[in-house]
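The block underneath contains the structure these notes are about, expressed in structure tokens.
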Amino acid sequence: MTSLSRSRYRSIAWVLLAVVIALGYLYQLGGDHIPRNGDELVYAHIARLTAESGNWLPLVSSYDFMRNTKPPLLFWQAMLAGGWGDHWSLFNLRLPSVVYLWATAVLVGLLTRKIVSQTPAQSKDQANVAGAIAAIVFLSFFSTYRYGRPYLTSAPETFWLFGVFFAIAWSPAKLLASSWKFPLIAGIAIGIACLYKSFAMVAPVGLGLALCYQTLGARKTPWQIFRPGVLRDGFKVAGICTLALAVFGLWFALDPLPGEVWREFVVGENAGKFKSSPGYFKVAFSGNGGILVILTGYFVNAGLLLPLAVGAAWTAWRCYRSGSEKIDAMSDAEKVMWLWLLALALVFMLPNQRSARYLIPAMPAVAVLIALYWQRMARVWFVITLVFCMLGALGMGLIAMGAVRAMQDITVYSILFWLLLALIMLANTVGMFKKQWTRATVAAAGFAVLFLLAWTTAPLNGELGRFKPSTVALLQGQSVKVPNNFNGQFERYHFILPGVKVVAYDSPQPVDFADVDALLKTSRYALVARRIGQAPCTDCRIIDSRWDLRSRQDPSEGTWAALKTPDTFWYAKEYLVERLTP
């Protein structure tokens with residue numbers, strides 16, 4: 001086989017790996033226990049009630065304080081995907097998020113491929129490999145997996161916002177010189193992102209665009225604003241942002257209660273993030289919610305690939321400082337990625353409410369940069385990443401052993417699960433010591449652990465986590481009291497017990513809820529969670545039970561409990577009970 005053929009087959013193998021990882025996002029997508037934002041269910045609640053109203057607007061919620069907390073595109077997407085209630089399932093609600101993620105991964109791969117193909121001495125096959133690596137890295141970020149798959153997701157705004165900077169990076173000279181076509185398309189794209197997330201997104205995007213016009217269009221440093229053409233470029237940025245706000249303003253035009261939108265969303269949800277009773281600077285420089293959250297946000301969002309993100313940033317800095325890659329030698333496309341990272345981080349340092357989640361729209365740029373510096377990064381960064389992945393795999397194995405101990409059944413997981421765990425450990429160990437395998441092993445290891453995480457929760461998304469069909473049939477149209485320990489968590493029971501009238505009762509620690517008798521005085525049926533081996537109640541009849549993953553464990557239990565007794569720390573049993581006298 002010639003070297004050309006080997007290079008071609010190698011590039012095909014990398015692309016196929018990227019496709020397989022992308023399809024892996026469908027595994028357990030409809031499960032009740034996927035990694036997700038805790039607010040997913042309250043937004044599913046709003047979407048369901050709005051669909052039941054038969055109207056697009058106004059949004060409907062049983063919570064007065066959580067109704068207009070997100071723009072309508074998020075809810076309309078769910079209403080359409082769920083067939084206005086006719087096909088209401090977690091899989092259907094989440095599938096559009098995955099489609100958005102796939103589209104973003106394609107953009108990441110295409111842009112990286114183009115940048116590498118324009119680099120001297122880089123072949124087409126090498127460019128294909130780099131593009132595939134970038135897509136794999138993006139899909140292997142924990143933030144992508146956690147916040148990209150659920151119904152309440154960052155995937156739509158990430159696609160539309162990154163798409164704008166993708167376009168600039170693809171053809172900077174042409175688009176930045178465009179008098180109206182690019183500004184028009186960019187304004188609409190940003191407006192769509194705002195209708196998914198918030199009008200506030202125009203601030204980081206506007207800053208990012210201004211930096212691109214300044215550094216790439218005018219070839220000036222950011223502070224050299226007194227230059228020819230600055231007014232023209234400023235009008236373009238202002239026009240793009242104004243158009244985006246106009247698209248977002250359609251919500252006010254279409255909603256029959258625009259005053260409520262202003263009060264709940266603009267004032268409550270957005271302006272409220274700037275409020276701080278301790279004072280701005282005290283919060284900004286504190287350990288909890290301070291600017292350090294944003295400064296480290298891109299690395300934290302990378303999850304198990306954190307060492308790669310740090311390594312790429314360190315390598316880029318060393319290249320610049322050593323003179324081997326001065327700013328003028330850096331490609332314009334790469335500059336766009338750095339500018340987008342900078343703009344998003346700077347803007348989100350301003351509010352008092354800070355979270356690494358706010359930086360997710362720029363994580364595609366992080367993936368592109370990691371792929372560009374993939375071969376130049378020192379091997380030690382990849383070895384550290386393999387250590388992270390091994391620890392992650394061991395954590396999944398520990399949780400799985402907890403399930404085996406809790407259910408007293410070794411067949412909870414098939415032999416293939418344990419073989420995958422062993423394979424991950426073996427491959428990572430070999431990759432740590434065999435130099436030529438290190439980078440390839442890292443590329444597969446990150447998502448392998450995420451897939452193992454999905455497999456770990458799979459039994460509870462199946463029969464073990466469901467009530468019997470006869471039980472569901474028995475409860476049709478009946479009122480059932482269900483535990484609720486966070487905003488809208490009761491909504492999960494509309495998927496677990498379809499056709500049942502769900503009535504929530506407050507229970508911060510469901511396994512510790514004591515007053516079951518009070519529940520059964522006002523309802524014939526109730527769901528009661530208990531630790532393993534504990535009875536749900538004394539004066540009641542147990543109809544059915546299922547296994548469940550515990551959430552929001554008591555901090556007093558500590559990390560040691562997760563290691564020492566993973567069965568009781570992670571798992572509980574939920575009982576359907578009824579009062580003895582109907």
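Following the order of the structure tokens, chains are lettered A, B, ..., residues in each are numbered from 1, and ligands are numbered from 1.
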> So which residues touch range 456-466 of chain A within 7 Å, counting only C-alpha atoms, skipping near sequence neighbours fewer than 2 positions away, as a VMD selection string?
Replying inline: chain A and resid 28 31 to 33 396 400 412 452 to 454 468 496 546 to 548
> Skipping near chain neighbours, those fewer than 2 positions away, what residues fall within 12 Å of Ile190 in chain A using only C-alpha atoms, listed as a PyMOL selection string?
Replying inline: chain A and resi 156-165+182-188+192-206+209+237+239-248+361
Might you pull out every residue within 9 Å of Phe91 in chain A, with only C-alpha atoms counted and same-chain residues fewer than 2 positions away left off, and present them as a PDB file with N, CA, C and O atoms, in the first residue's frame?
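Output file out.pdb is given in full below:
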```
ATOM      1  N   LEU A  26     -27.516   9.996  19.976  1.00  0.00           N
ATOM      2  CA  LEU A  26     -28.892   9.513  20.004  1.00  0.00           C
ATOM      3  C   LEU A  26     -29.108   8.458  21.077  1.00  0.00           C
ATOM      4  O   LEU A  26     -30.258   8.190  21.465  1.00  0.00           O
ATOM      5  N   GLN A  28     -29.833   6.721  24.290  1.00  0.00           N
ATOM      6  CA  GLN A  28     -30.529   7.094  25.524  1.00  0.00           C
ATOM      7  C   GLN A  28     -31.049   8.538  25.491  1.00  0.00           C
ATOM      8  O   GLN A  28     -31.271   9.139  26.550  1.00  0.00           O
ATOM      9  N   LEU A  29     -31.243   9.087  24.292  1.00  0.00           N
ATOM     10  CA  LEU A  29     -31.678  10.475  24.190  1.00  0.00           C
ATOM     11  C   LEU A  29     -33.024  10.715  24.870  1.00  0.00           C
ATOM     12  O   LEU A  29     -33.266  11.786  25.424  1.00  0.00           O
ATOM     13  N   GLY A  30     -33.900   9.723  24.836  1.00  0.00           N
ATOM     14  CA  GLY A  30     -35.217   9.895  25.438  1.00  0.00           C
ATOM     15  C   GLY A  30     -35.293   9.486  26.893  1.00  0.00           C
ATOM     16  O   GLY A  30     -36.385   9.444  27.474  1.00  0.00           O
ATOM     17  N   GLY A  31     -34.131   9.212  27.497  1.00  0.00           N
ATOM     18  CA  GLY A  31     -34.123   8.732  28.877  1.00  0.00           C
ATOM     19  C   GLY A  31     -34.377   9.822  29.901  1.00  0.00           C
ATOM     20  O   GLY A  31     -34.137  11.009  29.662  1.00  0.00           O
ATOM     21  N   TRP A  88     -45.815  13.622  22.494  1.00  0.00           N
ATOM     22  CA  TRP A  88     -45.078  14.280  23.569  1.00  0.00           C
ATOM     23  C   TRP A  88     -44.157  13.269  24.262  1.00  0.00           C
ATOM     24  O   TRP A  88     -44.578  12.514  25.129  1.00  0.00           O
ATOM     25  N   SER A  89     -42.921  13.269  23.868  1.00  0.00           N
ATOM     26  CA  SER A  89     -41.925  12.393  24.485  1.00  0.00           C
ATOM     27  C   SER A  89     -40.623  13.161  24.617  1.00  0.00           C
ATOM     28  O   SER A  89     -40.368  14.114  23.867  1.00  0.00           O
ATOM     29  N   LEU A  93     -38.814  15.866  21.941  1.00  0.00           N
ATOM     30  CA  LEU A  93     -38.503  17.228  22.366  1.00  0.00           C
ATOM     31  C   LEU A  93     -37.011  17.531  22.243  1.00  0.00           C
ATOM     32  O   LEU A  93     -36.624  18.675  21.967  1.00  0.00           O
ATOM     33  N   ARG A  94     -36.177  16.517  22.444  1.00  0.00           N
ATOM     34  CA  ARG A  94     -34.731  16.732  22.448  1.00  0.00           C
ATOM     35  C   ARG A  94     -34.080  16.595  21.075  1.00  0.00           C
ATOM     36  O   ARG A  94     -32.970  17.097  20.857  1.00  0.00           O
ATOM     37  N   LEU A  95     -34.736  15.896  20.159  1.00  0.00           N
ATOM     38  CA  LEU A  95     -34.110  15.632  18.865  1.00  0.00           C
ATOM     39  C   LEU A  95     -33.681  16.899  18.125  1.00  0.00           C
ATOM     40  O   LEU A  95     -32.586  16.932  17.545  1.00  0.00           O
ATOM     41  N   TYR A 151     -33.818  19.187  26.165  1.00  0.00           N
ATOM     42  CA  TYR A 151     -34.740  20.120  25.509  1.00  0.00           C
ATOM     43  C   TYR A 151     -34.338  21.560  25.801  1.00  0.00           C
ATOM     44  O   TYR A 151     -34.263  22.386  24.896  1.00  0.00           O
TER      45      TYR A 151
END
```
> To one decimal place, how far is CA of Trp338 in chain A from CA of Tyr373 in chain A in Å?
Replying inline: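 Between CA of Trp338 in chain A and CA of Tyr373 in chain A the gap is 13.2 Å.
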> Just how far from CA of Leu41 in chain A is CA of Val577 in chain A, in Å to one decimal?
Replying inline: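 Computing the Euclidean distance for CA of Val577 in chain A and CA of Leu41 in chain A yields 24.2 Å.
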> Neighbours of range 131-137 of chain A within 10 Å (only C-alpha atoms; same-chain residues fewer than 3 positions away dropped), as number ranges by chain?
Replying inline: A: 11-22, 102, 104-117, 125-128, 140-141, 144, 302, 305, 308-309, 363-372, 374, 440, 442-444, 446-447
>> Residues near Arg67 in chain A, anyone? I mean within 10 Å using only C-alpha atoms, not counting same-chain ones fewer than 2 positions away, as a list in words.
In response: Val42, Tyr43, His45, Ile46, Ala47, Pro58, Leu59, Val60, Ser61, Ser62, Tyr63, Asp64, Phe65, Thr69, Lys70, Pro71, Glu260, Val261, Glu264 and Phe265 of chain A
Compile the contact shell of Glu574 in chain A as a PDB file with N, CA, C and O atoms, in the first residue's frame: residues with an atom at most 9 Å away, counting only C-alpha atoms, same-chain residues fewer than 5 positions apart removed.
```pdb
ATOM      1  N   VAL A 511     -36.282  11.075  49.678  1.00  0.00           N
ATOM      2  CA  VAL A 511     -36.132   9.835  50.444  1.00  0.00           C
ATOM      3  C   VAL A 511     -36.378  10.045  51.931  1.00  0.00           C
ATOM      4  O   VAL A 511     -36.552   9.079  52.674  1.00  0.00           O
ATOM      5  N   LEU A 527     -46.688   8.930  45.202  1.00  0.00           N
ATOM      6  CA  LEU A 527     -45.371   8.348  44.956  1.00  0.00           C
ATOM      7  C   LEU A 527     -44.453   8.752  46.105  1.00  0.00           C
ATOM      8  O   LEU A 527     -44.343   9.937  46.434  1.00  0.00           O
ATOM      9  N   VAL A 528     -43.791   7.774  46.681  1.00  0.00           N
ATOM     10  CA  VAL A 528     -42.927   8.008  47.843  1.00  0.00           C
ATOM     11  C   VAL A 528     -41.571   7.361  47.570  1.00  0.00           C
ATOM     12  O   VAL A 528     -41.501   6.160  47.283  1.00  0.00           O
ATOM     13  N   ALA A 529     -40.507   8.160  47.663  1.00  0.00           N
ATOM     14  CA  ALA A 529     -39.147   7.644  47.458  1.00  0.00           C
ATOM     15  C   ALA A 529     -38.542   7.250  48.804  1.00  0.00           C
ATOM     16  O   ALA A 529     -38.756   7.922  49.819  1.00  0.00           O
ATOM     17  N   ARG A 530     -37.786   6.153  48.790  1.00  0.00           N
ATOM     18  CA  ARG A 530     -37.151   5.679  50.009  1.00  0.00           C
ATOM     19  C   ARG A 530     -35.756   5.127  49.705  1.00  0.00           C
ATOM     20  O   ARG A 530     -35.485   4.645  48.611  1.00  0.00           O
ATOM     21  N   ARG A 531     -34.873   5.224  50.718  1.00  0.00           N
ATOM     22  CA  ARG A 531     -33.571   4.570  50.603  1.00  0.00           C
ATOM     23  C   ARG A 531     -33.766   3.055  50.541  1.00  0.00           C
ATOM     24  O   ARG A 531     -34.812   2.529  50.931  1.00  0.00           O
ATOM     25  N   PRO A 536     -41.953   2.448  52.546  1.00  0.00           N
ATOM     26  CA  PRO A 536     -42.473   3.771  52.191  1.00  0.00           C
ATOM     27  C   PRO A 536     -43.397   4.348  53.257  1.00  0.00           C
ATOM     28  O   PRO A 536     -43.449   5.563  53.452  1.00  0.00           O
ATOM     29  N   ASP A 544     -47.028  -0.603  43.373  1.00  0.00           N
ATOM     30  CA  ASP A 544     -45.948  -0.868  42.419  1.00  0.00           C
ATOM     31  C   ASP A 544     -44.708  -0.110  42.887  1.00  0.00           C
ATOM     32  O   ASP A 544     -44.782   0.757  43.774  1.00  0.00           O
ATOM     33  N   SER A 545     -43.582  -0.414  42.281  1.00  0.00           N
ATOM     34  CA  SER A 545     -42.341   0.291  42.621  1.00  0.00           C
ATOM     35  C   SER A 545     -41.422   0.312  41.416  1.00  0.00           C
ATOM     36  O   SER A 545     -41.593  -0.470  40.469  1.00  0.00           O
ATOM     37  N   ARG A 546     -40.464   1.213  41.450  1.00  0.00           N
ATOM     38  CA  ARG A 546     -39.458   1.316  40.400  1.00  0.00           C
ATOM     39  C   ARG A 546     -38.173   1.864  41.012  1.00  0.00           C
ATOM     40  O   ARG A 546     -38.192   2.468  42.088  1.00  0.00           O
ATOM     41  N   TRP A 547     -37.065   1.670  40.302  1.00  0.00           N
ATOM     42  CA  TRP A 547     -35.780   2.208  40.738  1.00  0.00           C
ATOM     43  C   TRP A 547     -35.579   3.600  40.162  1.00  0.00           C
ATOM     44  O   TRP A 547     -36.026   3.887  39.056  1.00  0.00           O
ATOM     45  N   ASP A 548     -34.895   4.439  40.933  1.00  0.00           N
ATOM     46  CA  ASP A 548     -34.681   5.813  40.495  1.00  0.00           C
ATOM     47  C   ASP A 548     -33.289   6.269  40.929  1.00  0.00           C
ATOM     48  O   ASP A 548     -32.730   5.761  41.910  1.00  0.00           O
TER      49      ASP A 548
END
```
> Among range 353-394 of chain A, which ones does DSSP place in alpha helix (DSSP H), written as a list in words?
Replying inline: Met363, Pro364, Ala365, Val366, Ala367, Val368, Leu369, Ile370, Ala371, Leu372, Arg379, Val380, Trp381, Phe382, Val383, Ile384, Thr385, Leu386, Val387, Phe388, Cys389, Met390, Leu391, Gly392, Ala393 and Leu394 of chain A
